Amino acid sequence: MAKIAFIGLGNMGGGMAANLAKAGHEVMAFDLSEDALRRARDHGCTPVDDAVAAVTGADAIVTMLPAGTHVASVYADSVIPNADKHAILIDCSTIDVATAREVEAKAKDAGLTMVDAPVSGGIAAADAGTLTFMVGGSDEGFEKARPILEKMGKAVIHAGDAGAGQAAKICNNMLLGATMAATAETFALAQKLGLDLQTFYDISSKASGQSWSMTSYCPVPGVGPDSPADRNYQGGFASALMLKDLKLAMDAAKTAGAYTPMGGEAEELYQRFVDLGGAGVDFSGIIKMIDDSWKSDKKG
Ligand code: NAD
């Protein structure tokens, strides 16, 4: 079994590190938060005093940090100067494509192999070990990272070279944000036009308007499979995180010279929802802003 450094034991990283320990790996865990370190110890990891202690002698180094600035500094200060040459470096955080490529280039210059491996799936999937990983990096890096990632997820997909995992993640989430906003406003209109919403769902879910946002995660309580809408939009994927991903997508679009009007509109809508206090609400809860007459007690 491998010796694995895990840095960033928050909502996502806590469950991921626990799954590596459960699989029999020796997990050297570090986070700035004492609470996170305590939880990691309760789940079979070995808490250490700093990131350098975690990475020294590790076969694999996994990071799950809030944003690009954290990733850049942790790799520059602790990981790259101290990692063994044989170690595989795996950043699972969602960050901007440019920073992902810069950090990988610095690791490569130091003779290290690094992949970006952001995830699809939220806290429940991190706890259950059912995440989907989108991996950017060389074939060699992907093959080294795969057995580690498989202990934390149900699917591990090689998206392309360095940064491709982050690119796939933000493109997917831009589409998700736009289709969720469109699904929410469509159901609000259907209701105002006097349609029975279950009947409209039965029609549209089998017609050309169908999307994942409708048939797997319907924002209307009591319609479609069980989803956060049925729990007053609690749990699931927080609107603040959807906004973060939309901002990353818009920055990437600007850099790449891509025209993304629907993504831009989705970013504006989620910004407004977060400003109105929706940051911690599941992203399907945007229906409550689109039609403020919407009530979660419309179930059934
Ligand atoms: P979080 O804020 O709960 O956890 C981040 C952890 O990193 C915190 O415990 C923090 O103390 C720690 N940290 C910050 N700087 C550090 C440093 N220098 N050294 C050590 N530890 C440090 O965030 P999260 O919800 O776990 O998300 C982590 C990443 O996963 C983000 O990039 C997020 O966008 C992405 N993501 C989150 C979800 C979700 O549903 N929460 C889903 C998919 C992807």
# chains A, B, ... in the order shown; residues from 1 in each chain; ligands from 1
>>> residues_around(residues="Leu276 of chain A", least_positions_apart="4", cutoff="9 Å", atoms="only C-alpha atoms", output="list in words")
Gln271, Arg272 and Met289 of chain A
>>> write_last_selection(atoms="N, CA, C and O atoms", output="mmCIF file, in the first residue's frame")
data_model
loop_
_atom_site.group_PDB
_atom_site.id
_atom_site.type_symbol
_atom_site.label_atom_id
_atom_site.label_comp_id
_atom_site.auth_asym_id
_atom_site.auth_seq_id
_atom_site.Cartn_x
_atom_site.Cartn_y
_atom_site.Cartn_z
ATOM 1 N N GLN A 271 -24.751 35.233 -9.691
ATOM 2 C CA GLN A 271 -24.205 36.328 -8.874
ATOM 3 C C GLN A 271 -25.345 37.021 -8.127
ATOM 4 O O GLN A 271 -25.253 37.299 -6.922
ATOM 5 N N ARG A 272 -26.454 37.268 -8.862
ATOM 6 C CA ARG A 272 -27.598 37.949 -8.234
ATOM 7 C C ARG A 272 -28.169 37.078 -7.108
ATOM 8 O O ARG A 272 -28.499 37.555 -6.031
ATOM 9 N N MET A 289 -35.508 32.530 -7.079
ATOM 10 C CA MET A 289 -35.251 33.918 -7.459
ATOM 11 C C MET A 289 -35.954 34.247 -8.772
ATOM 12 O O MET A 289 -36.510 35.340 -8.943
#
>>> residues_near_ligand(ligand="ligand 1", cutoff="7 Å", atoms="only C-alpha atoms and all ligand atoms", output="MDAnalysis selection string")
chainID A and resid 7:13 30:33 36 51 64:67 70 74 92:95 118:123 236:238 241
>>> closest_residue(among="A:Asp59, A:Asp84, A:Asp77, A:Glu185", to="Ile287 of chain A", atoms="only C-alpha atoms")
A:Glu185
>>> residues_around(residues="Thr260 of chain A", least_positions_apart="3", cutoff="12 Å", atoms="only C-alpha atoms", output="list of chain:residue names")
A:Cys171, A:Met174, A:Leu175, A:Ala178, A:Leu246, A:Lys247, A:Ala249, A:Met250, A:Asp251, A:Ala252, A:Ala253, A:Lys254, A:Thr255, A:Ala256, A:Gly257, A:Gly263, A:Gly264, A:Glu265, A:Ala266, A:Glu267
>>> write_last_selection(atoms="N, CA and C atoms", output="CSV table (one decimal), in the first residue's frame")
chain,number,residue,atom,x,y,z
A,171,CYS,N,-16.1,23.7,-18.5
A,171,CYS,CA,-17.0,23.6,-19.6
A,171,CYS,C,-18.3,22.9,-19.2
A,174,MET,N,-20.3,25.1,-16.9
A,174,MET,CA,-20.9,26.3,-17.5
A,174,MET,C,-22.2,25.8,-18.2
A,175,LEU,N,-22.2,24.6,-18.8
A,175,LEU,CA,-23.4,24.1,-19.4
A,175,LEU,C,-24.4,23.7,-18.4
A,178,ALA,N,-26.1,27.0,-17.1
A,178,ALA,CA,-27.0,27.6,-18.0
A,178,ALA,C,-28.2,26.7,-18.2
A,246,LEU,N,-18.6,29.2,-12.7
A,246,LEU,CA,-19.0,30.1,-13.9
A,246,LEU,C,-18.0,31.2,-14.1
A,247,LYS,N,-17.5,31.8,-13.0
A,247,LYS,CA,-16.5,32.8,-13.1
A,247,LYS,C,-15.2,32.3,-13.7
A,249,ALA,N,-15.1,29.8,-15.8
A,249,ALA,CA,-15.4,29.6,-17.2
A,249,ALA,C,-15.4,30.9,-18.0
A,250,MET,N,-15.9,32.0,-17.4
A,250,MET,CA,-15.9,33.3,-18.1
A,250,MET,C,-14.5,33.8,-18.3
A,251,ASP,N,-13.6,33.6,-17.2
A,251,ASP,CA,-12.2,34.0,-17.4
A,251,ASP,C,-11.5,33.2,-18.5
A,252,ALA,N,-11.8,31.9,-18.5
A,252,ALA,CA,-11.1,31.1,-19.5
A,252,ALA,C,-11.6,31.5,-20.9
A,253,ALA,N,-12.9,31.8,-21.0
A,253,ALA,CA,-13.5,32.2,-22.3
A,253,ALA,C,-12.8,33.5,-22.8
A,254,LYS,N,-12.6,34.4,-21.9
A,254,LYS,CA,-12.0,35.7,-22.2
A,254,LYS,C,-10.6,35.4,-22.7
A,255,THR,N,-9.8,34.6,-22.0
A,255,THR,CA,-8.5,34.3,-22.4
A,255,THR,C,-8.4,33.6,-23.8
A,256,ALA,N,-9.4,32.7,-24.0
A,256,ALA,CA,-9.4,31.9,-25.2
A,256,ALA,C,-10.0,32.6,-26.4
A,257,GLY,N,-10.7,33.8,-26.1
A,257,GLY,CA,-11.4,34.5,-27.2
A,257,GLY,C,-12.6,33.8,-27.6
A,263,GLY,N,-23.3,31.4,-21.0
A,263,GLY,CA,-22.5,31.3,-19.8
A,263,GLY,C,-22.4,32.6,-19.0
A,264,GLY,N,-22.3,33.7,-19.8
A,264,GLY,CA,-22.3,35.0,-19.1
A,264,GLY,C,-23.6,35.3,-18.4
A,265,GLU,N,-24.7,35.0,-19.1
A,265,GLU,CA,-26.0,35.2,-18.5
A,265,GLU,C,-26.2,34.4,-17.2
A,266,ALA,N,-25.7,33.1,-17.3
A,266,ALA,CA,-25.8,32.2,-16.1
A,266,ALA,C,-25.0,32.8,-15.0
A,267,GLU,N,-23.8,33.3,-15.3
A,267,GLU,CA,-22.9,33.9,-14.2
A,267,GLU,C,-23.7,35.1,-13.6
>>> select_by_dssp(residues="segment 124-165 of chain A", states="strand (DSSP E or B)", output="PyMOL selection string")
chain A and resi 131-136+153-160
>>> write_last_selection(atoms="C-alpha atoms", output="PDB file, in the first residue's frame")
ATOM      1  CA  LEU A 131     -16.729  10.976  -7.562  1.00  0.00           C
ATOM      2  CA  THR A 132     -15.958  11.343 -11.277  1.00  0.00           C
ATOM      3  CA  PHE A 133     -12.397  12.552 -11.960  1.00  0.00           C
ATOM      4  CA  MET A 134     -11.448  14.465 -15.127  1.00  0.00           C
ATOM      5  CA  VAL A 135      -7.700  14.142 -15.484  1.00  0.00           C
ATOM      6  CA  GLY A 136      -5.270  16.377 -17.374  1.00  0.00           C
ATOM      7  CA  GLY A 153     -14.392   7.650  -7.346  1.00  0.00           C
ATOM      8  CA  LYS A 154     -16.546   5.645  -9.696  1.00  0.00           C
ATOM      9  CA  ALA A 155     -15.050   7.024 -12.934  1.00  0.00           C
ATOM     10  CA  VAL A 156     -11.571   8.289 -13.865  1.00  0.00           C
ATOM     11  CA  ILE A 157     -11.354   9.828 -17.338  1.00  0.00           C
ATOM     12  CA  HIS A 158      -8.248  11.075 -19.134  1.00  0.00           C
ATOM     13  CA  ALA A 159      -9.294  14.439 -20.626  1.00  0.00           C
ATOM     14  CA  GLY A 160      -5.982  15.337 -22.332  1.00  0.00           C
TER      15      GLY A 160
END
>>> decode(residues="segment 181-205 of chain A", atoms="N, CA and C atoms", output="mmCIF file, in the first residue's frame")
data_model
loop_
_atom_site.group_PDB
_atom_site.id
_atom_site.type_symbol
_atom_site.label_atom_id
_atom_site.label_comp_id
_atom_site.auth_asym_id
_atom_site.auth_seq_id
_atom_site.Cartn_x
_atom_site.Cartn_y
_atom_site.Cartn_z
ATOM 1 N N ALA A 181 -30.526 27.180 -15.066
ATOM 2 C CA ALA A 181 -31.266 28.456 -15.090
ATOM 3 C C ALA A 181 -32.389 28.379 -16.129
ATOM 4 N N ALA A 182 -32.115 27.793 -17.281
ATOM 5 C CA ALA A 182 -33.131 27.682 -18.337
ATOM 6 C C ALA A 182 -34.264 26.755 -17.905
ATOM 7 N N THR A 183 -33.920 25.674 -17.206
ATOM 8 C CA THR A 183 -34.957 24.746 -16.733
ATOM 9 C C THR A 183 -35.851 25.442 -15.710
ATOM 10 N N ALA A 184 -35.231 26.214 -14.796
ATOM 11 C CA ALA A 184 -35.998 26.911 -13.759
ATOM 12 C C ALA A 184 -36.965 27.918 -14.389
ATOM 13 N N GLU A 185 -36.477 28.705 -15.342
ATOM 14 C CA GLU A 185 -37.377 29.729 -15.905
ATOM 15 C C GLU A 185 -38.458 29.086 -16.772
ATOM 16 N N THR A 186 -38.141 27.938 -17.365
ATOM 17 C CA THR A 186 -39.136 27.243 -18.186
ATOM 18 C C THR A 186 -40.289 26.734 -17.325
ATOM 19 N N PHE A 187 -39.956 26.131 -16.169
ATOM 20 C CA PHE A 187 -41.028 25.636 -15.298
ATOM 21 C C PHE A 187 -41.836 26.802 -14.713
ATOM 22 N N ALA A 188 -41.158 27.919 -14.432
ATOM 23 C CA ALA A 188 -41.884 29.090 -13.920
ATOM 24 C C ALA A 188 -42.878 29.604 -14.976
ATOM 25 N N LEU A 189 -42.441 29.614 -16.235
ATOM 26 C CA LEU A 189 -43.341 30.047 -17.310
ATOM 27 C C LEU A 189 -44.482 29.036 -17.488
ATOM 28 N N ALA A 190 -44.134 27.749 -17.478
ATOM 29 C CA ALA A 190 -45.161 26.714 -17.667
ATOM 30 C C ALA A 190 -46.260 26.879 -16.617
ATOM 31 N N GLN A 191 -45.842 27.167 -15.378
ATOM 32 C CA GLN A 191 -46.829 27.339 -14.322
ATOM 33 C C GLN A 191 -47.709 28.561 -14.578
ATOM 34 N N LYS A 192 -47.088 29.659 -15.004
ATOM 35 C CA LYS A 192 -47.873 30.882 -15.256
ATOM 36 C C LYS A 192 -48.841 30.686 -16.436
ATOM 37 N N LEU A 193 -48.503 29.770 -17.331
ATOM 38 C CA LEU A 193 -49.375 29.492 -18.470
ATOM 39 C C LEU A 193 -50.459 28.463 -18.121
ATOM 40 N N GLY A 194 -50.481 28.050 -16.843
ATOM 41 C CA GLY A 194 -51.546 27.172 -16.375
ATOM 42 C C GLY A 194 -51.288 25.696 -16.607
ATOM 43 N N LEU A 195 -50.058 25.314 -16.988
ATOM 44 C CA LEU A 195 -49.774 23.892 -17.203
ATOM 45 C C LEU A 195 -49.599 23.181 -15.867
ATOM 46 N N ASP A 196 -50.046 21.948 -15.800
ATOM 47 C CA ASP A 196 -49.714 21.102 -14.659
ATOM 48 C C ASP A 196 -48.241 20.722 -14.801
ATOM 49 N N LEU A 197 -47.450 20.962 -13.741
ATOM 50 C CA LEU A 197 -45.995 20.823 -13.898
ATOM 51 C C LEU A 197 -45.550 19.379 -14.067
ATOM 52 N N GLN A 198 -46.251 18.433 -13.446
ATOM 53 C CA GLN A 198 -45.895 17.027 -13.654
ATOM 54 C C GLN A 198 -46.180 16.643 -15.117
ATOM 55 N N THR A 199 -47.300 17.133 -15.635
ATOM 56 C CA THR A 199 -47.640 16.822 -17.032
ATOM 57 C C THR A 199 -46.609 17.439 -17.973
ATOM 58 N N PHE A 200 -46.216 18.684 -17.678
ATOM 59 C CA PHE A 200 -45.194 19.315 -18.535
ATOM 60 C C PHE A 200 -43.885 18.526 -18.471
ATOM 61 N N TYR A 201 -43.516 18.077 -17.248
ATOM 62 C CA TYR A 201 -42.293 17.261 -17.098
ATOM 63 C C TYR A 201 -42.404 15.984 -17.948
ATOM 64 N N ASP A 202 -43.571 15.317 -17.876
ATOM 65 C CA ASP A 202 -43.749 14.064 -18.622
ATOM 66 C C ASP A 202 -43.578 14.300 -20.124
ATOM 67 N N ILE A 203 -44.018 15.459 -20.584
ATOM 68 C CA ILE A 203 -43.888 15.771 -22.016
ATOM 69 C C ILE A 203 -42.449 16.158 -22.351
ATOM 70 N N SER A 204 -41.917 17.166 -21.628
ATOM 71 C CA SER A 204 -40.620 17.731 -22.023
ATOM 72 C C SER A 204 -39.464 16.767 -21.768
ATOM 73 N N SER A 205 -39.601 15.917 -20.740
ATOM 74 C CA SER A 205 -38.510 14.979 -20.453
ATOM 75 C C SER A 205 -38.379 13.925 -21.549
#
